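For reference, my_file_4.cif (mmCIF, C-alpha atoms; chains and numbers go by the auth columns):
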```cif
data_model
#
loop_
_atom_site.group_PDB
_atom_site.id
_atom_site.type_symbol
_atom_site.label_atom_id
_atom_site.label_comp_id
_atom_site.label_asym_id
_atom_site.label_seq_id
_atom_site.Cartn_x
_atom_site.Cartn_y
_atom_site.Cartn_z
_atom_site.B_iso_or_equiv
_atom_site.auth_seq_id
_atom_site.auth_asym_id
ATOM 1 C CA MET A 1 14.761 80.312 146.085 0.00 1 A
ATOM 2 C CA GLU A 2 13.547 82.677 148.834 0.00 2 A
ATOM 3 C CA GLU A 3 17.015 84.134 149.245 0.00 3 A
ATOM 4 C CA ILE A 4 17.408 84.712 145.504 0.00 4 A
ATOM 5 C CA ILE A 5 14.051 86.506 145.355 0.00 5 A
ATOM 6 C CA GLY A 6 15.006 88.616 148.383 0.00 6 A
ATOM 7 C CA ILE A 7 18.354 89.572 146.884 0.00 7 A
ATOM 8 C CA LEU A 8 16.775 90.465 143.528 0.00 8 A
ATOM 9 C CA ALA A 9 14.077 92.524 145.268 0.00 9 A
ATOM 10 C CA GLY A 10 16.764 94.381 147.197 0.00 10 A
ATOM 11 C CA ILE A 11 18.803 95.066 144.072 0.00 11 A
ATOM 12 C CA PHE A 12 15.853 96.336 142.048 0.00 12 A
ATOM 13 C CA THR A 13 14.480 98.571 144.793 0.00 13 A
ATOM 14 C CA THR A 14 17.960 99.912 145.460 0.00 14 A
ATOM 15 C CA ILE A 15 18.630 100.911 141.854 0.00 15 A
ATOM 16 C CA ALA A 16 15.110 102.244 141.198 0.00 16 A
ATOM 17 C CA ALA A 17 16.111 105.882 141.835 0.00 17 A
ATOM 18 C CA VAL A 18 19.297 105.765 139.743 0.00 18 A
ATOM 19 C CA PRO A 19 17.685 106.687 136.381 0.00 19 A
ATOM 20 C CA GLN A 20 15.939 109.682 137.971 0.00 20 A
ATOM 21 C CA ILE A 21 19.174 110.816 139.609 0.00 21 A
ATOM 22 C CA PHE A 22 21.084 110.593 136.307 0.00 22 A
ATOM 23 C CA ARG A 23 18.355 112.441 134.455 0.00 23 A
ATOM 24 C CA ALA A 24 18.181 115.211 137.065 0.00 24 A
ATOM 25 C CA TRP A 25 21.969 115.547 137.070 0.00 25 A
ATOM 26 C CA LYS A 26 22.170 115.653 133.272 0.00 26 A
ATOM 27 C CA THR A 27 19.235 117.977 132.551 0.00 27 A
ATOM 28 C CA LYS A 28 19.278 120.026 135.781 0.00 28 A
ATOM 29 C CA LYS A 29 15.469 119.855 135.586 0.00 29 A
ATOM 30 C CA VAL A 30 13.562 118.626 138.635 0.00 30 A
ATOM 31 C CA ASP A 31 10.392 120.724 138.599 0.00 31 A
ATOM 32 C CA ASP A 32 8.215 117.684 137.865 0.00 32 A
ATOM 33 C CA VAL A 33 9.853 115.528 140.553 0.00 33 A
ATOM 34 C CA SER A 34 8.041 115.246 143.863 0.00 34 A
ATOM 35 C CA PRO A 35 10.314 116.104 146.799 0.00 35 A
ATOM 36 C CA ILE A 36 7.677 114.755 149.209 0.00 36 A
ATOM 37 C CA MET A 37 7.799 111.341 147.555 0.00 37 A
ATOM 38 C CA PHE A 38 11.581 111.201 147.868 0.00 38 A
ATOM 39 C CA LEU A 39 11.412 112.450 151.474 0.00 39 A
ATOM 40 C CA VAL A 40 8.886 109.759 152.443 0.00 40 A
ATOM 41 C CA LEU A 41 10.893 107.128 150.563 0.00 41 A
ATOM 42 C CA THR A 42 14.080 108.235 152.337 0.00 42 A
ATOM 43 C CA ILE A 43 12.390 107.929 155.727 0.00 43 A
ATOM 44 C CA GLY A 44 11.080 104.472 154.786 0.00 44 A
ATOM 45 C CA VAL A 45 14.387 103.041 153.590 0.00 45 A
ATOM 46 C CA SER A 46 16.172 104.613 156.566 0.00 46 A
ATOM 47 C CA LEU A 47 13.786 102.792 158.890 0.00 47 A
ATOM 48 C CA TRP A 48 14.361 99.574 156.937 0.00 48 A
ATOM 49 C CA THR A 49 18.104 100.073 157.459 0.00 49 A
ATOM 50 C CA VAL A 50 17.571 100.435 161.207 0.00 50 A
ATOM 51 C CA TYR A 51 15.300 97.377 161.186 0.00 51 A
ATOM 52 C CA GLY A 52 17.980 95.412 159.334 0.00 52 A
ATOM 53 C CA ALA A 53 20.554 96.470 161.912 0.00 53 A
ATOM 54 C CA MET A 54 18.267 95.399 164.746 0.00 54 A
ATOM 55 C CA LYS A 55 17.767 92.009 163.065 0.00 55 A
ATOM 56 C CA GLN A 56 21.432 91.820 162.053 0.00 56 A
ATOM 57 C CA ASP A 57 20.313 91.178 158.463 0.00 57 A
ATOM 58 C CA ILE A 58 23.191 92.280 156.240 0.00 58 A
ATOM 59 C CA PRO A 59 21.284 92.273 152.904 0.00 59 A
ATOM 60 C CA ILE A 60 18.575 94.540 154.364 0.00 60 A
ATOM 61 C CA ILE A 61 21.198 96.849 155.846 0.00 61 A
ATOM 62 C CA ILE A 62 23.209 97.095 152.628 0.00 62 A
ATOM 63 C CA THR A 63 20.368 97.503 150.127 0.00 63 A
ATOM 64 C CA ASN A 64 18.391 99.966 152.213 0.00 64 A
ATOM 65 C CA GLY A 65 21.502 101.848 153.308 0.00 65 A
ATOM 66 C CA ILE A 66 22.427 102.364 149.655 0.00 66 A
ATOM 67 C CA SER A 67 18.814 103.320 148.882 0.00 67 A
ATOM 68 C CA THR A 68 18.928 105.902 151.661 0.00 68 A
ATOM 69 C CA ILE A 69 22.059 107.460 150.178 0.00 69 A
ATOM 70 C CA LEU A 70 20.602 107.475 146.661 0.00 70 A
ATOM 71 C CA ASN A 71 17.331 109.059 147.789 0.00 71 A
ATOM 72 C CA ILE A 72 19.156 111.706 149.832 0.00 72 A
ATOM 73 C CA THR A 73 21.201 112.416 146.703 0.00 73 A
ATOM 74 C CA MET A 74 17.986 112.958 144.755 0.00 74 A
ATOM 75 C CA LEU A 75 16.629 115.260 147.460 0.00 75 A
ATOM 76 C CA ILE A 76 19.824 117.307 147.273 0.00 76 A
ATOM 77 C CA LEU A 77 19.472 117.559 143.487 0.00 77 A
ATOM 78 C CA ILE A 78 15.850 118.673 143.874 0.00 78 A
ATOM 79 C CA ILE A 79 16.899 121.401 146.301 0.00 79 A
ATOM 80 C CA LYS A 80 19.848 122.447 144.135 0.00 80 A
ATOM 81 C CA PHE A 81 18.050 122.557 140.770 0.00 81 A
ATOM 82 C CA ARG A 82 14.498 123.535 141.759 0.00 82 A
ATOM 83 C CA LYS A 83 13.436 126.829 140.212 0.00 83 A
ATOM 84 C CA LYS A 84 12.596 129.408 142.816 0.00 84 A
#
```

Transcribe the structure of this file into structure tokens.
Amino acid sequence: MEEIIGILAGIFTTIAAVPQIFRAWKTKKVDDVSPIMFLVLTIGVSLWTVYGAMKQDIPIIITNGISTILNITMLILIIKFRKK
């Protein structure tokens, strides 16, 4: 049961940014999105990825590695579409 809960937690936290990414891509509007939040989140999931590598925990590495990529993608969209 612990493993199932861990896997589900990893899946849900990994896909959490996907709706925001799709919306930003579709509307090209990101003025109400906090870049600081995504920066802090990116740092956090990057550190979790490193932690997973140190512990040799594949689920932590995979879910947080994907989260890192998704959050970097959102940061790029914020930079690209932010009104100057």

Mind telling me what the PyMOL selection byres ((chain A and resi 34) around 12) catches here, as a list of chain:residue names?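 This file gives the following for the PyMOL selection byres ((chain A and resi 34) around 12): A:Gln20, A:Val30, A:Asp31, A:Asp32, A:Val33, A:Pro35, A:Ile36, A:Met37, A:Phe38, A:Leu39, A:Val40, A:Leu41, A:Asn71, A:Met74, A:Leu75, A:Leu77, A:Ile78, A:Ile79, A:Arg82.
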
Reference answer for the PyMOL selection byres ((chain A and resi 7-19) around 9), as a VMD selection string: chain A and resid 2 to 6 20 to 24 59 to 60 62 to 68 70 to 71 74

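Note that atom CA of A:Phe81 and atom CA of A:Ser46 are 24.0 Å apart.
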
Work out how far apart atom CA of A:Gly44 and atom CA of A:Thr27 are and give it in Å to one decimal.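 According to the coordinates, atom CA of A:Gly44 and atom CA of A:Thr27 are separated by 27.3 Å.
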
Gap from atom CA of A:Thr42 to atom CA of A:Met54 - Å, one decimal: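 Those two atoms sit 18.3 Å apart.
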
Where is the centre and how long are the edges: axis-aligned box on stretch 8-27 of chain A, 4 Å on each side, Å to one decimal, as AutoDock Vina command-line options:
```
--center_x 18.1 --center_y 104.2 --center_z 139.9 --size_x 16.1 --size_y 35.5 --size_z 22.6
```
